[in-house]
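*Asks:* Handing over input_15.pdb, PDB, C-alpha atoms.
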ATOM      1  CA  TYR A 834      85.692 100.655  92.198
ATOM      2  CA  ARG A 835      87.688  98.381  94.533
ATOM      3  CA  ASP A 836      84.773  97.626  96.886
ATOM      4  CA  GLY A 837      82.392  97.121  93.987
ATOM      5  CA  LEU A 838      84.827  94.733  92.313
ATOM      6  CA  ARG A 839      85.063  92.692  95.509
ATOM      7  CA  LEU A 840      81.269  92.292  95.534
ATOM      8  CA  LEU A 841      81.166  91.299  91.879
ATOM      9  CA  LYS A 842      83.949  88.720  92.243
ATOM     10  CA  ASN A 843      82.019  87.022  95.069
ATOM     11  CA  SER A 844      78.736  86.963  93.151
ATOM     12  CA  ASP A 845      77.294  84.778  90.382
ATOM     13  CA  LEU A 846      78.228  87.519  87.899
ATOM     14  CA  ALA A 847      81.880  86.527  88.168
ATOM     15  CA  GLY A 848      81.212  83.380  86.132
ATOM     16  CA  ILE A 849      79.291  85.083  83.307
ATOM     17  CA  ARG A 850      80.906  86.385  80.138
ATOM     18  CA  LEU A 851      80.734  90.145  79.633
ATOM     19  CA  ASP A 852      78.835  89.778  76.351
ATOM     20  CA  GLU A 853      76.166  87.655  78.099
ATOM     21  CA  ILE A 854      75.422  90.025  80.999
ATOM     22  CA  ASN A 855      72.112  91.875  80.840
ATOM     23  CA  GLY A 856      69.818  93.882  83.084
ATOM     24  CA  GLN A 857      68.240  90.709  84.484
ATOM     25  CA  HIS A 858      71.601  89.593  85.854
ATOM     26  CA  ALA A 859      72.012  92.989  87.508
ATOM     27  CA  GLY A 860      68.579  92.575  89.106
ATOM     28  CA  GLN A 861      69.565  89.148  90.428
ATOM     29  CA  PHE A 862      72.764  90.653  91.842
ATOM     30  CA  ALA A 863      70.719  93.316  93.678
ATOM     31  CA  ALA A 864      68.357  90.635  95.059
ATOM     32  CA  ARG A 865      71.291  88.486  96.184
ATOM     33  CA  TYR A 866      72.641  91.370  98.273
ATOM     34  CA  SER A 867      69.283  92.723  99.430
ATOM     35  CA  ASP A 868      70.466  92.351 103.036
ATOM     36  CA  LYS A 869      73.033  95.076 102.371
ATOM     37  CA  SER A 870      72.362  98.812 102.052
ATOM     38  CA  PRO A 871      71.295 100.196  98.655
ATOM     39  CA  SER A 872      74.551 102.202  98.610
ATOM     40  CA  THR A 873      76.599  99.004  98.893
ATOM     41  CA  VAL A 874      74.574  97.241  96.199
ATOM     42  CA  ASN A 875      74.871 100.258  93.903
ATOM     43  CA  CYS A 876      78.624 100.326  94.413
ATOM     44  CA  GLY A 877      78.739  96.895  92.773
ATOM     45  CA  LEU A 878      76.275  97.867  90.056
ATOM     46  CA  ARG A 879      78.182 101.032  89.195
ATOM     47  CA  THR A 880      81.377  99.010  88.931
ATOM     48  CA  LEU A 881      79.602  96.547  86.630
ATOM     49  CA  ARG A 882      78.218  99.392  84.530
ATOM     50  CA  ARG A 883      81.689 100.898  84.207
ATOM     51  CA  ALA A 884      83.193  97.560  83.179
ATOM     52  CA  LEU A 885      80.529  97.057  80.516
ATOM     53  CA  ASN A 886      80.979 100.605  79.204
ATOM     54  CA  LEU A 887      84.717 100.062  78.887
ATOM     55  CA  GLY A 888      84.154  96.658  77.282
ATOM     56  CA  CYS A 889      82.023  98.309  74.611
ATOM     57  CA  GLU A 890      84.451 101.206  74.192
ATOM     58  CA  TRP A 891      87.376  98.789  73.748
ATOM     59  CA  GLY A 892      85.476  96.610  71.264
ATOM     60  CA  LYS A 893      85.182  93.572  73.564
ATOM     61  CA  ILE A 894      81.363  93.630  73.515
ATOM     62  CA  GLU A 895      78.959  95.055  70.939
ATOM     63  CA  ARG A 896      76.341  96.637  73.182
ATOM     64  CA  ARG A 897      75.967  98.250  76.574
ATOM     65  CA  PRO A 898      73.151  96.619  78.529
ATOM     66  CA  LYS A 899      71.062  98.889  80.725
ATOM     67  CA  ILE A 900      72.037  98.437  84.377
ATOM     68  CA  SER A 901      69.473  99.893  86.778
ATOM     69  CA  LEU A 902      70.558 100.896  90.274
ATOM     70  CA  ALA A 903      68.843  99.782  93.459
ATOM     71  CA  LYS A 904      66.329 102.213  94.935
ATOM     72  CA  GLY A 905      66.563 103.792  98.354
ATOM     73  CA  GLU A 906      70.149 105.028  98.250
ATOM     74  CA  ARG A 907      70.704 108.116 100.360
ATOM     75  CA  GLN A 908      72.190 111.061  98.517
ATOM     76  CA  ARG A 909      74.513 113.360 100.428
ATOM     77  CA  ASP A 910      74.861 116.936  99.231
ATOM     78  CA  ARG A 911      77.639 119.237 100.360
ATOM     79  CA  VAL A 912      76.645 122.896 100.210
ATOM     80  CA  LEU A 913      79.553 125.326 100.293
ATOM     81  CA  SER A 914      79.199 128.448 102.380
ATOM     82  CA  ARG A 915      80.696 131.669 101.085
ATOM     83  CA  GLU A 916      83.532 131.272 103.592
ATOM     84  CA  ASP A 917      84.190 127.693 102.419
ATOM     85  CA  ALA A 918      84.366 128.860  98.814
ATOM     86  CA  GLN A 919      86.760 131.707  99.652
ATOM     87  CA  ASP A 920      89.020 129.370 101.632
ATOM     88  CA  TYR A 921      89.055 126.889  98.761
ATOM     89  CA  LEU A 922      89.814 129.498  96.089
ATOM     90  CA  ALA A 923      92.654 130.890  98.216
ATOM     91  CA  MET A 924      94.339 127.477  98.055
ATOM     92  CA  CYS A 925      93.877 127.051  94.287
ATOM     93  CA  SER A 926      96.696 127.716  91.846
ATOM     94  CA  GLN A 927      96.135 129.158  88.385
ATOM     95  CA  PRO A 928      94.540 128.439  86.024
ATOM     96  CA  TRP A 929      92.279 126.286  88.207
ATOM     97  CA  ARG A 930      91.453 129.261  90.468
ATOM     98  CA  ASP A 931      89.873 131.162  87.581
ATOM     99  CA  VAL A 932      88.001 128.073  86.388
ATOM    100  CA  ALA A 933      86.741 127.304  89.911
ATOM    101  CA  THR A 934      85.653 130.959  90.242
ATOM    102  CA  LEU A 935      83.808 130.585  86.949
ATOM    103  CA  ILE A 936      82.036 127.413  88.089
ATOM    104  CA  LEU A 937      81.121 128.846  91.501
ATOM    105  CA  GLY A 938      79.997 132.160  90.025
ATOM    106  CA  THR A 939      77.743 130.741  87.323
ATOM    107  CA  GLY A 940      76.851 127.160  88.242
ATOM    108  CA  MET A 941      78.359 125.996  84.933
ATOM    109  CA  ARG A 942      79.214 122.346  84.488
ATOM    110  CA  PRO A 943      82.992 121.767  84.683
ATOM    111  CA  GLY A 944      83.117 120.556  81.077
ATOM    112  CA  GLU A 945      81.409 123.762  79.938
ATOM    113  CA  ALA A 946      83.956 125.864  81.810
ATOM    114  CA  TYR A 947      86.941 124.013  80.304
ATOM    115  CA  LYS A 948      85.625 124.602  76.761
ATOM    116  CA  LEU A 949      84.528 128.220  77.166
ATOM    117  CA  ARG A 950      85.698 130.540  74.375
ATOM    118  CA  TRP A 951      86.101 134.308  74.346
ATOM    119  CA  GLU A 952      83.554 134.552  71.525
ATOM    120  CA  HIS A 953      80.908 133.559  74.061
ATOM    121  CA  VAL A 954      81.913 135.990  76.815
ATOM    122  CA  LEU A 955      79.912 139.185  76.383
ATOM    123  CA  PHE A 956      81.124 142.052  78.570
ATOM    124  CA  THR A 957      78.837 144.941  79.450
ATOM    125  CA  GLY A 958      80.535 147.983  77.943
ATOM    126  CA  ALA A 959      84.194 148.186  77.039
ATOM    127  CA  ILE A 960      86.857 146.726  79.297
ATOM    128  CA  GLY A 961      88.358 149.488  81.443
ATOM    129  CA  SER A 962      85.325 151.784  81.036
ATOM    130  CA  GLY A 963      83.835 151.003  84.435
ATOM    131  CA  ALA A 964      82.022 147.883  83.226
ATOM    132  CA  SER A 965      81.347 145.295  85.885
ATOM    133  CA  GLY A 966      79.232 142.594  84.315
ATOM    134  CA  GLY A 967      78.057 140.880  81.181
ATOM    135  CA  MET A 968      76.827 137.507  80.005
ATOM    136  CA  ILE A 969      78.294 134.109  79.181
ATOM    137  CA  GLN A 970      76.667 132.168  76.366
ATOM    138  CA  ILE A 971      76.592 128.371  76.540
ATOM    139  CA  THR A 972      76.115 127.242  72.947
ATOM    140  CA  GLU A 973      76.334 123.454  73.243
ATOM    141  CA  GLY A 974      74.439 120.849  75.221
ATOM    142  CA  LYS A 975      72.344 117.714  74.949
ATOM    143  CA  SER A 976      69.096 119.593  75.551
ATOM    144  CA  GLN A 977      67.602 122.983  74.746
ATOM    145  CA  ALA A 978      67.879 123.921  78.430
ATOM    146  CA  ALA A 979      71.642 123.352  78.339
ATOM    147  CA  ARG A 980      72.049 126.187  75.823
ATOM    148  CA  ARG A 981      71.614 129.301  77.914
ATOM    149  CA  LEU A 982      72.859 132.749  78.951
ATOM    150  CA  LEU A 983      74.503 133.175  82.352
ATOM    151  CA  PRO A 984      75.138 136.510  84.095
ATOM    152  CA  ILE A 985      78.675 137.521  85.032
ATOM    153  CA  VAL A 986      78.603 138.531  88.693
ATOM    154  CA  PRO A 987      81.091 141.216  89.881
ATOM    155  CA  ALA A 988      83.496 138.790  91.612
ATOM    156  CA  LEU A 989      83.650 136.645  88.490
ATOM    157  CA  TYR A 990      84.000 139.712  86.267
ATOM    158  CA  GLN A 991      87.244 140.688  87.981
ATOM    159  CA  ALA A 992      88.780 137.244  87.407
ATOM    160  CA  ILE A 993      87.684 137.081  83.757
ATOM    161  CA  LYS A 994      88.763 140.667  83.095
ATOM    162  CA  ALA A 995      92.260 140.004  84.479
ATOM    163  CA  ARG A 996      92.569 136.828  82.383
ATOM    164  CA  HIS A 997      91.337 138.632  79.277
ATOM    165  CA  GLU A 998      93.884 141.419  79.687
ATOM    166  CA  SER A 999      96.724 138.992  80.450
ATOM    167  CA  GLN A1000      96.016 137.262  77.107
ATOM    168  CA  GLY A1001      96.092 140.548  75.191
ATOM    169  CA  CYS A1002      92.299 141.068  75.056
ATOM    170  CA  PRO A1003      91.569 138.402  72.407
ATOM    171  CA  ALA A1004      88.264 138.385  70.545
ATOM    172  CA  GLU A1005      88.337 134.609  70.113
ATOM    173  CA  GLY A1006      90.019 131.474  71.401
ATOM    174  CA  TRP A1007      89.906 129.417  74.577
ATOM    175  CA  LEU A1008      89.362 131.214  77.862
ATOM    176  CA  VAL A1009      91.847 128.814  79.454
ATOM    177  CA  PRO A1010      94.186 127.498  76.754
ATOM    178  CA  ALA A1011      96.389 124.515  77.576
ATOM    179  CA  GLY A1012      98.972 122.279  75.968
ATOM    180  CA  SER A1013      96.506 119.393  75.655
ATOM    181  CA  ARG A1014      95.476 117.829  72.352
ATOM    182  CA  SER A1015      92.176 119.735  72.506
ATOM    183  CA  GLY A1016      93.948 123.021  73.186
ATOM    184  CA  HIS A1017      91.961 123.726  76.356
ATOM    185  CA  LEU A1018      92.016 122.625  79.986
ATOM    186  CA  GLU A1019      91.091 118.971  80.548
ATOM    187  CA  GLU A1020      89.625 116.982  83.425
ATOM    188  CA  TYR A1021      92.789 115.022  84.226
ATOM    189  CA  SER A1022      94.927 118.129  84.820
ATOM    190  CA  VAL A1023      92.172 119.901  86.748
ATOM    191  CA  LYS A1024      91.749 116.938  89.090
ATOM    192  CA  ILE A1025      95.372 117.242  90.213
ATOM    193  CA  GLN A1026      94.967 120.943  91.004
ATOM    194  CA  HIS A1027      91.642 120.387  92.787
ATOM    195  CA  ASP A1028      93.034 117.549  94.913
ATOM    196  CA  ARG A1029      96.043 119.655  95.893
ATOM    197  CA  ALA A1030      93.838 122.567  97.019
ATOM    198  CA  PHE A1031      91.433 120.256  98.837
ATOM    199  CA  ARG A1032      94.279 118.561 100.742
ATOM    200  CA  GLN A1033      95.649 121.919 101.832
ATOM    201  CA  ILE A1034      92.272 122.923 103.260
ATOM    202  CA  SER A1035      91.812 119.541 104.936
TER     203      SER A1035
END
Take the structure in the file and give it back as C-alpha cells.
*Replies:*
Amino acid sequence: YRDGLRLLKNSDLAGIRLDEINGQHAGQFAARYSDKSPSTVNCGLRTLRRALNLGCEWGKIERRPKISLAKGERQRDRVLSREDAQDYLAMCSQPWRDVATLILGTGMRPGEAYKLRWEHVLFTGAIGSGASGGMIQITEGKSQAARRLLPIVPALYQAIKARHESQGCPAEGWLVPAGSRSGHLEEYSVKIQHDRAFRQIS
C-alpha cells in the first residue's frame, strides 16, 4: 500500500476526515489522476478502501462507503505449467506441500483448503484396498455454487492418503491441524511457507 498511500497523501483526500469520505470523493480522486494509468489510480483507491475497512473494523467510522475502481486496468494472469507446479511443490515444506497439492489438484480456494475436515473427504473404497480416488465435499460458501463436490485426482489421492495414515486414519477433524486458535492452518503461517518456496525457485 506504500505507493497508494503516497498518492492519497498528495491528493485532496488527505484533508478529509475518514467518516466524511464517500464514493464521490473516490470518483474525484480518479478524475484528478486521469492522466495516470488505471492501475496506478486503482492502487490509490485500493489503499483508500483498505483504510476505510480498517477504520470500520476498529470502530473509528460507522460505515464502509462503496469505493469503485477505475475501469481499464489490465489484469495479468499467471498460468502454471505442470513443470512449474512440480518445481514449486518440490520446494515446499510440510504441511504446505500437501495443502498446495490440494489447491492445485482441485482448484479449491485457499481458505477452503485450510478448513477442510476429514468428514468431508470421501475415499473411493477402503484405504489400502487399491482405491485411487474419491470426492471432497465443500459444505460452506457465500453462494450455492460454492457448495460443491470435487474429484480427488490420483496425484492428490496419494498425498491425502499419506496424511490420513500418518494421523491414524481419523474419521473426523482437521485435515491439516495446527496450533492456531482455530485449530487449523491459517493464512499468516502459510504465507511464510509459500514465500520461502517461491524464493528458492526464483
*Asks:* Can you give me, as a PyMOL selection string, the residues this file yields under the PyMOL selection byres ((chain A and resi 907-923) around 9)?
*Replies:* chain A and resi 871-872+905-906+924-926+929-931+933-934+937+1030-1031+1033-1034
*Asks:* Could you check how far atom CA of A:Leu902 sits from atom CA of A:Gly860, in Å to one decimal?
*Replies:* 8.6 Å
*Asks:* Could you check the closest approach to A:Arg882 for each of A:Ser867, A:Gln861, A:Ile849, A:Gly837 and tell me which residue wins, using all atoms listed in the file?
*Replies:*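 Checking each candidate against A:Arg882, we get A:Gly837 as the closest.
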*Asks:* Skip stretch 980-986 of chain A itself and residues of its chain fewer than 3 positions away, then list as a list in words all residues within 6 Å of it, counting all atoms listed in the file.
*Replies:*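 Result of the neighbour search: Gly966, Gly967, Met968, Ile969, Gln970, Ile971, Thr972, Glu973, Gly974, Gln977, Leu989 and Tyr990 of chain A.
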*Asks:* Within 6 Å of (80.3, 129.8, 84.9), in the coordinates the file gives, what residues turn up when you count only C-alpha atoms, written out as an mmCIF file with C-alpha atoms, keeping the file's coordinate frame?
*Replies:*
data_model
loop_
_atom_site.group_PDB
_atom_site.id
_atom_site.type_symbol
_atom_site.label_atom_id
_atom_site.label_comp_id
_atom_site.auth_asym_id
_atom_site.auth_seq_id
_atom_site.Cartn_x
_atom_site.Cartn_y
_atom_site.Cartn_z
ATOM 1 C CA LEU A 935 83.808 130.585 86.949
ATOM 2 C CA ILE A 936 82.036 127.413 88.089
ATOM 3 C CA GLY A 938 79.997 132.160 90.025
ATOM 4 C CA THR A 939 77.743 130.741 87.323
ATOM 5 C CA GLY A 940 76.851 127.160 88.242
ATOM 6 C CA MET A 941 78.359 125.996 84.933
#
*Asks:* For atom CA of A:Leu841 and atom CA of A:Arg883, quote the distance in Å rounded to one decimal.
*Replies:*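 Atom CA of A:Arg883 lies at a distance of 12.3 Å from atom CA of A:Leu841.
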